[in-house]
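Engineer: So here's my_file-v4.cif (mmCIF, C-alpha atoms).
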```cif
data_start
loop_
_atom_site.label_atom_id
_atom_site.label_comp_id
_atom_site.auth_asym_id
_atom_site.auth_seq_id
_atom_site.Cartn_x
_atom_site.Cartn_y
_atom_site.Cartn_z
CA MET A 1402 0.00 0.00 0.00
CA GLN A 1403 2.84 2.39 0.82
CA VAL A 1404 4.49 1.67 -2.53
CA PHE A 1405 1.20 2.37 -4.28
CA LEU A 1406 0.80 5.70 -2.47
CA LEU A 1407 4.36 6.70 -3.33
CA LEU A 1408 3.71 5.89 -6.98
CA VAL A 1409 0.51 7.97 -6.99
CA CYS A 1410 2.35 10.91 -5.41
CA PHE A 1411 5.17 10.63 -7.96
CA LEU A 1412 2.77 10.61 -10.91
CA ALA A 1413 0.81 13.52 -9.47
CA ALA A 1414 4.01 15.52 -9.03
CA CYS A 1415 5.04 14.82 -12.63
CA ALA A 1416 1.62 15.86 -13.92
CA ALA A 1417 1.76 19.06 -11.90
CA GLN A 1418 5.05 20.21 -13.38
CA THR A 1419 4.85 23.32 -15.55
CA PRO A 1420 5.81 22.58 -19.18
CA HIS A 1421 8.92 24.34 -20.45
CA PRO A 1422 10.17 25.04 -24.01
CA CYS A 1423 12.20 22.09 -25.23
CA VAL A 1424 14.39 20.77 -28.02
CA SER A 1425 13.30 17.75 -30.06
CA PRO A 1426 15.57 14.69 -30.44
CA SER A 1427 18.62 15.39 -32.61
CA LEU A 1428 18.00 12.34 -34.81
CA LEU A 1429 14.50 11.64 -36.12
CA SER A 1430 12.93 9.63 -38.92
CA GLY A 1431 9.27 9.48 -39.82
CA GLN A 1432 6.56 10.87 -42.02
CA LEU A 1433 4.87 14.23 -42.33
CA SER A 1434 2.24 16.10 -44.29
CA VAL A 1435 2.47 19.75 -45.34
CA SER A 1436 -0.31 22.02 -46.53
CA THR A 1437 -0.41 25.72 -47.36
CA GLN A 1438 -3.30 28.11 -46.93
CA ASN A 1439 -3.09 30.20 -50.11
CA GLU A 1440 -1.39 27.99 -52.67
CA GLN A 1441 -3.60 24.91 -52.47
CA LEU A 1442 -0.50 22.79 -51.94
CA TRP A 1443 -0.45 19.49 -50.03
CA ALA A 1444 2.45 17.09 -49.74
CA PHE A 1445 3.17 13.83 -47.95
CA ALA A 1446 6.80 12.98 -47.22
CA ARG A 1447 9.20 10.60 -45.57
CA PHE A 1448 11.74 12.62 -43.63
CA PHE A 1449 15.18 12.00 -42.15
CA TYR A 1450 16.40 14.68 -39.74
CA ASP A 1451 19.93 15.01 -38.37
CA ALA A 1452 20.43 18.09 -36.20
CA LEU A 1453 23.98 17.05 -35.32
CA GLY A 1454 25.13 17.04 -38.94
CA GLN A 1455 22.53 19.68 -40.00
CA ARG A 1456 21.09 17.42 -42.70
CA ILE A 1457 17.49 16.86 -43.83
CA ARG A 1458 16.12 14.50 -46.49
CA LEU A 1459 12.55 14.84 -47.79
CA GLN A 1460 11.03 12.31 -50.20
CA GLU A 1461 7.68 13.75 -51.18
CA PHE A 1462 4.52 13.07 -53.09
CA GLY A 1463 2.00 15.89 -53.36
CA PHE A 1464 -0.83 17.74 -55.02
CA TYR A 1465 -1.04 21.29 -56.27
CA GLN A 1466 -4.32 22.49 -57.79
CA ASN A 1467 -5.35 18.83 -58.33
CA LYS A 1468 -2.08 17.99 -60.11
CA THR A 1469 0.40 15.57 -58.62
CA PHE A 1470 4.16 15.87 -58.22
CA THR A 1471 7.07 14.01 -56.65
CA TYR A 1472 10.14 15.63 -55.15
CA ASP A 1473 13.26 14.19 -53.52
CA THR A 1474 15.46 16.72 -51.74
CA LEU A 1475 18.61 16.51 -49.63
CA LEU A 1476 19.49 19.67 -47.69
CA LEU A 1477 23.05 19.91 -46.35
CA TYR A 1478 23.19 23.12 -44.32
CA ARG A 1479 26.82 22.88 -43.22
CA GLU A 1480 27.92 22.66 -46.84
CA GLY A 1481 25.29 25.18 -47.98
CA VAL A 1482 24.12 22.75 -50.66
CA MET A 1483 20.81 21.28 -51.74
CA TYR A 1484 20.45 18.29 -54.07
CA GLU A 1485 17.35 17.63 -56.14
CA ILE A 1486 17.52 13.88 -56.69
CA ASN A 1487 15.99 11.95 -59.59
CA ASN A 1488 16.48 8.28 -58.74
CA GLN A 1489 14.66 7.09 -61.83
CA ASP A 1490 17.02 8.84 -64.26
CA LYS A 1491 20.03 8.71 -61.91
CA LYS A 1492 20.49 12.48 -62.10
CA CYS A 1493 20.92 15.32 -59.62
CA ILE A 1494 20.74 19.08 -59.64
CA LYS A 1495 22.97 20.87 -57.13
CA ARG A 1496 21.95 24.28 -55.77
CA HIS A 1497 23.33 26.77 -53.28
CA LEU A 1498 21.29 26.53 -50.05
CA GLN A 1499 20.69 29.84 -48.30
CA GLY A 1500 19.83 30.39 -44.66
CA ASP A 1501 20.88 28.85 -41.38
CA PHE A 1502 19.88 25.46 -40.05
CA HIS A 1503 17.11 25.69 -37.45
CA PRO A 1504 16.68 22.66 -35.18
CA ILE A 1505 13.22 21.41 -34.34
CA GLU A 1506 12.55 23.09 -31.02
CA VAL A 1507 10.12 25.23 -29.10
CA PRO A 1508 11.59 28.77 -28.99
CA LYS A 1509 12.61 29.82 -25.50
CA ASN A 1510 10.33 32.88 -25.62
CA ALA A 1511 7.27 30.84 -26.66
CA SER A 1512 4.10 31.02 -24.57
CA LEU A 1513 2.24 27.89 -23.50
CA LEU A 1514 -1.19 27.89 -25.12
CA SER A 1515 -2.56 24.61 -23.81
CA GLN A 1516 -1.79 21.12 -22.56
CA VAL A 1517 -4.23 18.46 -23.75
CA VAL A 1518 -4.56 14.72 -24.23
CA VAL A 1519 -4.87 13.63 -27.85
CA GLY A 1520 -7.19 10.64 -27.86
CA SER A 1521 -8.60 9.53 -24.52
CA SER A 1522 -7.43 9.82 -20.93
CA SER A 1523 -9.83 7.11 -19.75
CA ALA A 1524 -7.18 4.38 -19.65
CA PRO A 1525 -3.41 4.03 -20.06
CA GLY A 1526 -2.26 3.91 -23.66
CA GLN A 1527 -5.38 5.53 -25.07
CA GLY A 1528 -4.05 9.08 -25.23
CA LEU A 1529 -0.98 11.23 -25.78
CA LEU A 1530 -0.16 14.24 -23.60
CA VAL A 1531 0.92 17.20 -25.76
CA ASN A 1532 1.76 20.86 -25.24
CA THR A 1533 0.92 23.59 -27.74
CA TRP A 1534 3.08 26.71 -27.78
CA THR A 1535 2.65 29.99 -29.62
CA GLY A 1536 4.66 33.09 -30.41
CA GLU A 1537 6.09 35.11 -33.30
CA PHE A 1538 9.25 34.49 -35.29
CA ALA A 1539 9.19 38.12 -36.43
CA ALA A 1540 6.67 40.90 -36.94
CA ASN A 1541 3.44 39.44 -38.33
CA ALA A 1542 4.94 35.92 -38.43
CA PRO A 1543 3.02 33.98 -35.76
CA TYR A 1544 3.50 30.27 -35.14
CA PHE A 1545 1.98 27.33 -33.25
CA PHE A 1546 4.06 24.35 -32.22
CA THR A 1547 2.70 21.14 -30.65
CA VAL A 1548 5.09 18.60 -29.10
CA THR A 1549 4.74 15.62 -26.79
CA GLU A 1550 5.10 16.40 -23.10
CA PHE A 1551 7.56 13.55 -22.72
CA GLY A 1552 10.38 13.54 -25.26
CA CYS A 1553 9.49 16.80 -27.05
CA VAL A 1554 8.64 14.84 -30.21
CA PRO A 1555 7.02 17.12 -32.84
CA VAL A 1556 3.33 16.55 -33.53
CA TYR A 1557 2.15 19.67 -35.38
CA THR A 1558 3.53 23.03 -36.48
CA ALA A 1559 1.94 26.01 -38.19
CA PHE A 1560 3.47 29.33 -39.10
CA LYS A 1561 2.55 32.25 -41.31
CA THR A 1562 4.70 33.45 -44.17
CA GLN A 1563 4.43 35.19 -47.51
CA PRO A 1564 3.24 34.35 -50.10
CA PHE A 1565 1.67 31.13 -48.78
CA GLY A 1566 -0.17 32.33 -45.70
CA TRP A 1567 -0.27 29.56 -43.10
CA ILE A 1568 1.95 26.52 -43.62
CA ALA A 1569 0.84 23.54 -41.49
CA THR A 1570 2.89 20.40 -40.88
CA SER A 1571 1.71 17.24 -39.13
CA PHE A 1572 4.27 14.64 -37.98
CA PHE A 1573 3.50 10.95 -37.46
CA ASN A 1574 5.19 7.53 -37.25
CA ASN A 1575 8.19 9.25 -35.66
CA VAL A 1576 11.18 7.12 -34.71
CA ILE A 1577 14.07 8.47 -32.65
CA GLY A 1578 17.19 7.79 -34.70
CA ILE A 1579 17.93 7.52 -38.42
CA SER A 1580 16.36 4.35 -39.82
CA GLU A 1581 18.29 4.60 -43.12
CA PRO A 1582 21.54 6.58 -42.59
CA ASN A 1583 22.48 6.42 -46.28
CA LYS A 1584 19.50 8.67 -47.06
CA LEU A 1585 21.43 11.61 -45.58
CA ASN A 1586 24.32 11.26 -48.03
CA PRO A 1587 24.16 12.21 -51.71
CA PRO A 1588 23.78 9.17 -54.00
CA SER A 1589 26.89 8.22 -55.94
CA PHE A 1590 25.41 9.54 -59.20
CA CYS A 1591 25.24 13.02 -57.62
CA GLN A 1592 29.03 13.36 -57.83
CA ASP A 1593 28.62 14.68 -61.36
CA ALA A 1594 25.52 16.70 -60.51
CA GLU A 1595 24.49 19.54 -62.77
CA GLU A 1596 24.96 22.82 -60.91
CA ASP A 1597 22.25 25.47 -60.94
CA GLU A 1598 23.29 28.99 -59.95
CA GLU A 1599 19.85 29.84 -58.59
CA PRO A 1600 20.06 29.86 -54.75
CA VAL A 1601 17.19 28.45 -52.69
CA ASN A 1602 15.81 28.76 -49.17
CA PHE A 1603 12.78 27.19 -47.50
CA VAL A 1604 10.18 29.56 -48.98
CA SER A 1605 11.65 29.56 -52.49
CA LEU A 1606 11.79 25.76 -52.30
CA LEU A 1607 8.03 25.66 -51.68
CA GLN A 1608 7.49 28.10 -54.55
CA LYS A 1609 9.55 25.88 -56.83
CA LYS A 1610 7.45 22.85 -55.88
CA SER A 1611 4.30 24.81 -56.72
CA VAL A 1612 5.62 25.71 -60.18
CA GLN A 1613 6.77 22.15 -60.77
CA ALA A 1614 3.37 20.79 -59.74
CA GLN A 1615 1.65 22.90 -62.40
CA VAL A 1616 3.48 21.07 -65.19
CA ASN A 1617 3.31 17.52 -63.73
CA ARG A 1618 0.24 15.36 -63.52
#
```
Once you've parsed the file, please lay out its structure as structure tokens.

Structural biologist:
Amino acid sequence: MQVFLLLVCFLAACAAQTPHPCVSPSLLSGQLSVSTQNEQLWAFARFFYDALGQRIRLQEFGFYQNKTFTYDTLLLYREGVMYEINNQDKKCIKRHLQGDFHPIEVPKNASLLSQVVVGSSSAPGQGLLVNTWTGEFAANAPYFFTVTEFGCVPVYTAFKTQPFGWIATSFFNNVIGISEPNKLNPPSFCQDAEEDEEPVNFVSLLQKKSVQAQVNR
């Protein structure tokens, strides 16, 4: 009985702790979906995220204005390089990657909006405790960020930018670690990659996908 009471007190103390901004695991693999408010763009992707090496791989399938597209991208922030990978034709396009690497994290100046259980709290294993944070990256650039209370695993993000309006991302099937490490290295056929002088960043990358989607079915 004493052990039971101690366990109840421990769980109650944990539940009573105030959530704090956190940093997500440095190595993550999983799947995500992205949608934009103004551009009618939706994409589903496998992702591989390495905050230690500042590398991200996105293998996407999406829709833009009822037209489909595929896109395979490797972003190497330390090298300042992005590869567009065409595995079918064994070709790559190499571009200069602008901007700094930003790890998946809740900004330290974020404000806690809510703590809720996704699913049910009726029985163990039926729900997931998550925290939703809000703030602004810059003037008129608000964001929402939902992560798990335990582990700080990303669940949902939304932020506002031009010209897309709100960009919403949902994460699922997350695994801590890199399930396929080779995905974060350029394929061998990228050694002779065609170089494009046009630099890219996150927003211009989304714009490029939108243009590409208009010509692919």

Engineer: Name the residues captured by the PyMOL selection byres ((chain A and resi 1443) around 9) when it is applied to the shown file; answer as a list in words.

Structural biologist: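 On this input, the PyMOL selection byres ((chain A and resi 1443) around 9) captures Ser1434, Val1435, Ser1436, Thr1437, Glu1440, Gln1441, Leu1442, Ala1444, Phe1445, Phe1462, Gly1463, Phe1464 and Tyr1465 of chain A.
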
Engineer: Report the residues retrieved by the PyMOL selection byres ((chain A and resi 1596) around 10) from the displayed file, expressed as a ChimeraX atom specification.

Structural biologist: /A:1484,1493-1497,1593-1595,1597-1599

Engineer: What is the atom CA of A:Glu1461 to atom CA of A:Asp1473 distance in Å?

Structural biologist: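 Here the two named atoms are 6.1 Å from each other.
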
Engineer: Just the number, please: distance in Å from atom CA of A:Val1548 to atom CA of A:Gly1566, one decimal.

Structural biologist: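 Those two atoms sit 22.2 Å apart.
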
Engineer: Could you check the closest approach to A:Lys1491 for each of A:Phe1546, A:Phe1551, A:Phe1590, A:Tyr1472 and tell me which residue wins, using all atoms listed in the file?

Structural biologist: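 Under the stated criterion, the closest residue is A:Phe1590.
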
Engineer: Which neighbours of A:Ser1580 fall inside 12 Å, counting all atoms listed in the file, when residues of the same chain fewer than 2 positions from it are skipped, and could you give them as a PyMOL selection string?

Structural biologist: chain A and resi 1428-1432+1447-1451+1574-1578+1582-1585

Engineer: Which polymer residues have any atom within 7 Å of an atom of stretch 1501-1517 of chain A, counting all atoms listed in the file, with same-chain residues fewer than 4 positions away left out, as a PyMOL selection string?

Structural biologist: chain A and resi 1422-1425+1452+1455+1478+1530-1536+1546

Engineer: Please provide the set of residues having any atom within 10 Å of A:Ala1542, restricted to only C-alpha atoms, with same-chain residues fewer than 2 positions apart removed, written as a PyMOL selection string.

Structural biologist: chain A and resi 1536-1540+1544+1560-1563+1566-1567

Engineer: Using atom CA of A:Leu1433 and atom CA of A:Val1519 as the two end points, give the distance in Å to one decimal.

Structural biologist: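 Separation between atom CA of A:Leu1433 and atom CA of A:Val1519: 17.5 Å.
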
Engineer: For A:Thr1474, please output as a list in words all residues within 9 Å (counting only C-alpha atoms; exclusion window: fewer than 2 positions along the same chain).

Structural biologist: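 Final neighbour list, sorted by chain and number: Ile1457, Arg1458, Leu1459, Gln1460, Glu1461, Tyr1472, Leu1476, Met1483, Tyr1484, Glu1485 and Ile1486 of chain A.
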
Engineer: Using all atoms of stretch 1421-1430 of chain A listed in the file and a margin of 5 Å per side, can you give the axis-aligned box centre and edge lengths in Å to one decimal, as JSON?

Structural biologist:
```
{"center_x": 13.8, "center_y": 17.3, "center_z": -29.7, "size_x": 19.7, "size_y": 25.4, "size_z": 28.5}
```

Engineer: Give the answer as one residue: which of A:Thr1419, A:Leu1529, A:Asn1487, A:Ala1446 has the shortest atom-to-atom distance to A:Gly1552, using only C-alpha atoms?

Structural biologist: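 Checking each of A:Thr1419, A:Leu1529, A:Asn1487, A:Ala1446 against A:Gly1552, counting only C-alpha atoms, the winner is A:Leu1529.
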
Engineer: Using all atoms listed in the file, can you tell me which of A:Val1601, A:Gln1418, A:Gln1438, A:Glu1480 comes closest to A:Glu1550?

Structural biologist: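 Closest to A:Glu1550 of all the choices is A:Gln1418.
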
Engineer: Of the candidates A:Gly1500, A:Gly1526, A:Pro1420, A:Cys1591, which shows the shortest atom-to-atom distance to A:Thr1547, using all atoms listed in the file?

Structural biologist: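 Answer, going by the shortest atom-to-atom distance: A:Pro1420.
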